[in-house]
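So the structure is just underneath, and the comments pick up after that.
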Amino acid sequence: MKNNNAILFFVGWILFSLPLVISCAGDDPIPDDSGKDNGGGNEVITVSPVNDLAVEETGKANELYVTWTYPSEALSVEISYLPEGEDEAGAVNNNIRRTTGDKGSFLIKVSEHGTYIVGAVAIDNYGNRSEKVTVKATPTREEDVPKTLFIERADILMSSLIDLCFGKSPRDCWNTRYPNATGPYWDGDAVVWGQGAGLSGFVALRNAAIGTEYEAKYTAMTDRMYNSINSFITTDNNLKAYAVYPQNGNQRFYDDNVWIGLDMAELYRQTGENHFLEKAEMVWDYLMVGNTSSAGGGILWREIPAYSNKHTCSTAPAAVLGCKLYEITKEEKYLSKAKELYAWLKQYLQDPSDHLFYDNITPGMVVDKAKYSYNSGQPMQAACLLYNITGEQKYLEDASQIAISAHRRWFSLYNSKELGEEFYRINGDHAWFFAIMFRGFIELYRIDNRRTYINSFEKSMLQAWESECRDRATNLLSNRYFVNQTQTSWEVLHEGGFVEMLAQLAALEKEGL
């Protein structure tokens, strides 16, 4: 009986208390602990929007690179994008969680070209969202992306050339050709002209590689290339210079030396290391010995005999070297001599009918009127450098006139099946000559920004790489291709020229020019 009374009391207590519980629940709601405690009851939480939202092209097709600055309270940022004019419901959303620092970034890859609205919303730790910040942006079209890849191609060619032609003798220098030249009366090493061409290709590629994935590779080769060419220095008549073959008593040519001097000046520009400048100045001192009074001035072509012809190929690059050394040292002697040499060229070796340059003049003042592409490219470069230094308009006018005639003479209209277009292509069979000429066109382009001539070199090299000009087994390029012939032996002289042209185009490509 006692137990029954207890049960009845407990049931009655529950029935009496239930209305009170319901009443309390309705009058005094339980706080929602999922929200941020801001001390303001129903106050709306605000999150600051992102700062510095920017959207840029990457240079690759249909890509946009988004950057922003997180507000202090943001845990993440939601990046959205959709084509302009479409409903926001179709936007693609990506939540980018904050890691370290205040800067954030995200790469957007869209499926097709168009203008896109890119939005950014900051989100805090409690899921509260900021106002959306938007930017309108358009990625690069597929057809506008440069399909050149010159740095990769220059590296492929130089790597193959080194593997096939460099370090084949104890002298650790360039062999003349591939397949390699051998004895029995000669070890097959290239004469200094070919050595210099290999060096020029290397120096141009070393410059193009700066700031790229190839920089460490070519920087590491510098000492080896420097020591290799310096093994050709001989001392005759108490004067050091680069000889055709590295033994005292061998002939020495002033033009062979000046190409190396220019490379040494360029290596100094790239590195700031004095031993490169010392070699450039050594070459300059040698050139001044060849700057005799015969034929009214200019630079001799060769050391022996001393009373011999004066050539454009020794005098014009000497003027270029004078300008380069002046730019480095600011010593007036270099500039005054560069002006003198350039004036001599115009007076004695320029054809007034087309502004191009003849080959040489004898001590008896008889002019050899043969014209070679590099013999006009170097005066063009000298004129550009003199214009840069002096600001005198006459030099720029000279360079422009030379360029017009050089392009007309050494390029012809060509319909390329590889590129599917018609353009002015190199017309000749001396790649090294064209590489030297290209230096003049590049110097002019950096002044007038007219890309007509650069396009001709660019298209020529693109087409050469994609065509039978390139041997697929070795990646070496045929020097005779531009005159519709092929070859089975490849000279380092011309392969070095091809490397230089590819590397020069790579440098322009890197600069976005």
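Residue numbering restarts at 1 for every chain of the structure tokens, chains are lettered A, B, ... in their displayed order, and ligands are numbered from 1 as they appear.
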
### DSSP helix (DSSP H, G or I) selection over region 330-501 of chain A, as a ChimeraX atom specification
/A:332-348,373-390,393-410,431-448,452-466,481-483,492-501

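Residues lying within 7 Å of region 374-381 of chain A, counting only C-alpha atoms and ignoring same-chain neighbours fewer than 3 positions away, are Thr312, Cys313, Ala316, Pro317, Val320, Leu356, Phe357, Asp359, Cys384, Leu385, Ala399, Ile402, Phe433, Phe434, Ile436, Met437, Phe438, Arg439, Gly440 and Glu443 of chain A.
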
### Summary
Between A:Ala137, A:Val258, A:Ala473, A:Met288, smallest distance to Gly196 (chain A) by only C-alpha atoms belongs to A:Val258

### Message
Calculated over only C-alpha atoms, which of the candidates A:Ser160, A:Tyr424, A:Ile404, A:Phe150 has the smallest distance to Leu462 (chain A)?
### Response
A:Phe150

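What separates CA of Asn230 (chain A) from CA of Thr176 (chain A) is a distance of 17.1 Å.
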
Hey, could you make a per-residue contact list for region 144-227 of chain A against region 268-286 of chain A with 9 Å as the cut-off, showing the nearest pair of atoms and its distance in Å to one decimal, counting only C-alpha atoms, sorted by chain and number, as JSON lines?
```
{"residue": "A:Arg206", "atom": "CA", "partner": "A:Gln270", "partner_atom": "CA", "distance": 8.7}
{"residue": "A:Asn207", "atom": "CA", "partner": "A:Gln270", "partner_atom": "CA", "distance": 6.9}
{"residue": "A:Ile210", "atom": "CA", "partner": "A:Gln270", "partner_atom": "CA", "distance": 9.0}
{"residue": "A:Tyr226", "atom": "CA", "partner": "A:Phe276", "partner_atom": "CA", "distance": 8.6}
```

Take the residues from that selection and write them out as a CSV table (one decimal), in the first residue's frame, keeping C-alpha atoms.
```csv
chain,number,residue,atom,x,y,z
A,206,ARG,CA,73.9,32.7,-70.9
A,207,ASN,CA,72.3,36.1,-71.1
A,210,ILE,CA,69.3,34.7,-66.6
A,226,TYR,CA,86.4,31.4,-70.7
```

### Query
Which of region 73-243 of chain A counts as strand (DSSP E or B) under DSSP, as JSON, numbers by chain please?
{"A": [76, 77, 78, 79, 80, 81, 82, 83, 92, 93, 94, 95, 96, 97, 103, 104, 105, 106, 107, 108, 109, 116, 117, 118, 119, 120, 121, 122, 123, 129, 133, 134, 135, 136, 137, 140, 166, 174, 175, 177, 178, 189, 233, 234, 235, 236, 239, 240, 241, 242]}

### Query
Leaving out Thr212 (chain A) and any residue of its chain fewer than 3 positions from it, which residues lie within 10 Å of it when counting only C-alpha atoms, given as a list in words?
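Answer for this query is Ile151, Ala208, Ala209, Glu215, Ala216 and Lys510 of chain A.
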
### Message
Which residue is closest to Leu513 (chain A)? Choose from A:Thr69, A:Asn455, A:Tyr334, A:Val367 and count only C-alpha atoms.
### Response
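Using only C-alpha atoms, the shortest distance to Leu513 (chain A) belongs to A:Asn455.
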
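Neighbours of Asp189 (chain A) closer than or equal to 10 Å, with only C-alpha atoms counted and sequence neighbours fewer than 6 positions away skipped, come out as Cys165, Phe166, Gly167, Lys168, Ser169, Pro170, Arg171, Asp172, Cys173, Trp174, Asn175, Thr176, Arg177, Asn180, Ala181, Thr182, Gly183, Gln195 and Tyr245 of chain A.
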
Writing out the chosen residues with C-alpha atoms as a short mmCIF file (atom, residue, chain, number, x, y, z; two decimals), in the first residue's frame:
```cif
data_model
loop_
_atom_site.label_atom_id
_atom_site.label_comp_id
_atom_site.auth_asym_id
_atom_site.auth_seq_id
_atom_site.Cartn_x
_atom_site.Cartn_y
_atom_site.Cartn_z
CA CYS A 165 81.65 18.96 -80.58
CA PHE A 166 83.13 20.26 -77.33
CA GLY A 167 86.01 18.85 -75.30
CA LYS A 168 87.10 16.27 -77.86
CA SER A 169 90.81 17.02 -77.42
CA PRO A 170 93.10 17.76 -74.45
CA ARG A 171 92.68 21.47 -75.19
CA ASP A 172 89.02 21.23 -74.07
CA CYS A 173 87.64 23.40 -76.84
CA TRP A 174 85.38 23.17 -79.90
CA ASN A 175 85.98 20.62 -82.63
CA THR A 176 85.50 21.99 -86.14
CA ARG A 177 82.41 20.00 -86.97
CA ASN A 180 84.29 15.33 -85.72
CA ALA A 181 87.32 16.35 -87.76
CA THR A 182 90.47 14.33 -86.97
CA GLY A 183 94.20 14.01 -87.95
CA GLN A 195 85.94 28.89 -81.37
CA TYR A 245 95.84 28.26 -83.84
#
```

### Task
Quote the spacing between CA of Gly201 (chain A) and CA of Val499 (chain A) in Å to one decimal place.
5.0 Å

### Nearest to Lys103 (chain A), chosen from A:Ala61, A:Val50, A:Val192, A:Ala120, with only C-alpha atoms counted in the distances
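With only C-alpha atoms as the atom set, the closest residue is A:Val50.
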
### Query
What is the distance between CA of Asn427 (chain A) and CA of Ala464 (chain A), in Å to one decimal?
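Interatomic distance here is 12.2 Å.
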
### Query
Can you list, as a list in words, every protein, DNA or RNA residue that comes within 7 Å of Gly198 (chain A) when you count only C-alpha atoms, leaving out same-chain residues fewer than 3 positions away?
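So the residues in contact are Gly194, Gln195, Gly201, Phe202, Val492, Leu493 and Gly496 of chain A.
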
### Pick from A:Ile304, A:Met365, A:Ile45, A:Met158, whichever lies nearest to His494 (chain A) using only C-alpha atoms
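So, comparing all the options, the nearest one is A:Met158.
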
Could you pull the residues within 10 Å of Asn248 (chain A), counting only C-alpha atoms, minus those fewer than 5 positions along the same chain, as a compact mmCIF listing (two decimals) with all heavy atoms, in the first residue's frame?
```txt
# COMPACT_ATOMS: atom_id res chain seq x y z
N PHE A 232 93.80 30.07 -76.76
CA PHE A 232 94.21 30.51 -78.09
C PHE A 232 94.99 31.83 -78.06
O PHE A 232 95.34 32.36 -79.10
CB PHE A 232 92.99 30.63 -79.01
CG PHE A 232 92.50 29.31 -79.54
CD1 PHE A 232 91.83 28.42 -78.70
CD2 PHE A 232 92.74 28.93 -80.85
CE1 PHE A 232 91.40 27.19 -79.18
CE2 PHE A 232 92.32 27.71 -81.33
CZ PHE A 232 91.65 26.82 -80.49
N ILE A 233 95.27 32.33 -76.87
CA ILE A 233 96.06 33.55 -76.76
C ILE A 233 97.54 33.23 -76.98
O ILE A 233 98.08 32.29 -76.39
CB ILE A 233 95.88 34.21 -75.38
CG1 ILE A 233 94.44 34.69 -75.20
CG2 ILE A 233 96.85 35.39 -75.20
CD1 ILE A 233 94.13 35.25 -73.82
N THR A 234 98.18 33.99 -77.84
CA THR A 234 99.62 33.87 -78.05
C THR A 234 100.26 35.25 -77.83
O THR A 234 99.58 36.28 -77.85
CB THR A 234 99.96 33.38 -79.46
OG1 THR A 234 99.48 34.33 -80.43
CG2 THR A 234 99.33 32.03 -79.74
N THR A 235 101.56 35.24 -77.62
CA THR A 235 102.30 36.49 -77.42
C THR A 235 103.36 36.60 -78.51
O THR A 235 104.38 35.92 -78.47
CB THR A 235 102.97 36.54 -76.04
OG1 THR A 235 101.97 36.35 -75.03
CG2 THR A 235 103.64 37.88 -75.82
N ASP A 236 103.10 37.43 -79.50
CA ASP A 236 104.06 37.72 -80.56
C ASP A 236 104.23 39.23 -80.62
O ASP A 236 103.28 39.99 -80.38
CB ASP A 236 103.55 37.19 -81.91
CG ASP A 236 103.66 35.68 -82.01
OD1 ASP A 236 104.68 35.13 -81.57
OD2 ASP A 236 102.71 35.04 -82.54
N ALA A 243 95.13 33.85 -81.49
CA ALA A 243 95.70 33.37 -82.75
C ALA A 243 94.76 32.37 -83.41
O ALA A 243 93.92 31.75 -82.75
CB ALA A 243 97.06 32.74 -82.51
```

Asn388 (chain A) environment, 12 Å, only C-alpha atoms, sequence neighbours closer than 5 positions dropped, as a PDB file with N, CA and C atoms, in the first residue's frame:
```pdb
ATOM      1  N   CYS A 323      82.212  51.583 -78.564  1.00  0.00           N
ATOM      2  CA  CYS A 323      81.001  52.058 -77.888  1.00  0.00           C
ATOM      3  C   CYS A 323      80.728  51.264 -76.613  1.00  0.00           C
ATOM      4  N   LYS A 324      80.897  49.948 -76.680  1.00  0.00           N
ATOM      5  CA  LYS A 324      80.646  49.108 -75.511  1.00  0.00           C
ATOM      6  C   LYS A 324      81.601  49.457 -74.368  1.00  0.00           C
ATOM      7  N   TYR A 326      83.152  52.261 -73.945  1.00  0.00           N
ATOM      8  CA  TYR A 326      82.808  53.596 -73.435  1.00  0.00           C
ATOM      9  C   TYR A 326      81.640  53.506 -72.457  1.00  0.00           C
ATOM     10  N   GLU A 327      80.627  52.715 -72.804  1.00  0.00           N
ATOM     11  CA  GLU A 327      79.481  52.557 -71.911  1.00  0.00           C
ATOM     12  C   GLU A 327      79.896  51.978 -70.561  1.00  0.00           C
ATOM     13  N   LEU A 335      85.083  56.256 -77.145  1.00  0.00           N
ATOM     14  CA  LEU A 335      84.024  56.883 -77.935  1.00  0.00           C
ATOM     15  C   LEU A 335      84.590  57.645 -79.128  1.00  0.00           C
ATOM     16  N   GLN A 381      74.688  48.349 -86.156  1.00  0.00           N
ATOM     17  CA  GLN A 381      74.765  48.317 -84.700  1.00  0.00           C
ATOM     18  C   GLN A 381      75.602  49.475 -84.172  1.00  0.00           C
ATOM     19  N   ALA A 382      76.724  49.770 -84.836  1.00  0.00           N
ATOM     20  CA  ALA A 382      77.562  50.888 -84.404  1.00  0.00           C
ATOM     21  C   ALA A 382      76.782  52.197 -84.454  1.00  0.00           C
ATOM     22  N   ALA A 383      76.022  52.403 -85.527  1.00  0.00           N
ATOM     23  CA  ALA A 383      75.229  53.631 -85.660  1.00  0.00           C
ATOM     24  C   ALA A 383      74.206  53.743 -84.535  1.00  0.00           C
ATOM     25  N   GLN A 393      70.813  62.559 -84.227  1.00  0.00           N
ATOM     26  CA  GLN A 393      69.820  61.932 -85.083  1.00  0.00           C
ATOM     27  C   GLN A 393      70.427  61.302 -86.327  1.00  0.00           C
ATOM     28  N   LYS A 394      71.540  61.825 -86.788  1.00  0.00           N
ATOM     29  CA  LYS A 394      72.135  61.309 -88.026  1.00  0.00           C
ATOM     30  C   LYS A 394      72.480  59.835 -87.907  1.00  0.00           C
ATOM     31  N   TYR A 395      72.875  59.408 -86.727  1.00  0.00           N
ATOM     32  CA  TYR A 395      73.233  57.996 -86.558  1.00  0.00           C
ATOM     33  C   TYR A 395      72.006  57.102 -86.664  1.00  0.00           C
ATOM     34  N   LEU A 396      70.892  57.532 -86.092  1.00  0.00           N
ATOM     35  CA  LEU A 396      69.663  56.744 -86.188  1.00  0.00           C
ATOM     36  C   LEU A 396      69.162  56.700 -87.626  1.00  0.00           C
ATOM     37  N   ALA A 399      71.264  54.117 -89.428  1.00  0.00           N
ATOM     38  CA  ALA A 399      70.884  52.747 -89.073  1.00  0.00           C
ATOM     39  C   ALA A 399      69.596  52.333 -89.777  1.00  0.00           C
ATOM     40  N   GLU A 443      69.572  45.971 -82.090  1.00  0.00           N
ATOM     41  CA  GLU A 443      69.912  47.280 -81.527  1.00  0.00           C
ATOM     42  C   GLU A 443      68.949  48.354 -82.047  1.00  0.00           C
ATOM     43  N   LEU A 444      68.597  48.267 -83.326  1.00  0.00           N
ATOM     44  CA  LEU A 444      67.667  49.233 -83.896  1.00  0.00           C
ATOM     45  C   LEU A 444      66.268  49.054 -83.318  1.00  0.00           C
ATOM     46  N   ARG A 446      65.406  48.067 -80.419  1.00  0.00           N
ATOM     47  CA  ARG A 446      65.336  48.597 -79.058  1.00  0.00           C
ATOM     48  C   ARG A 446      65.178  50.119 -79.049  1.00  0.00           C
ATOM     49  N   ILE A 447      65.429  50.744 -80.195  1.00  0.00           N
ATOM     50  CA  ILE A 447      65.247  52.196 -80.302  1.00  0.00           C
ATOM     51  C   ILE A 447      63.894  52.541 -80.917  1.00  0.00           C
ATOM     52  N   ASP A 448      63.580  51.918 -82.072  1.00  0.00           N
ATOM     53  CA  ASP A 448      62.374  52.360 -82.800  1.00  0.00           C
ATOM     54  C   ASP A 448      61.139  51.485 -82.571  1.00  0.00           C
TER      55      ASP A 448
END
```
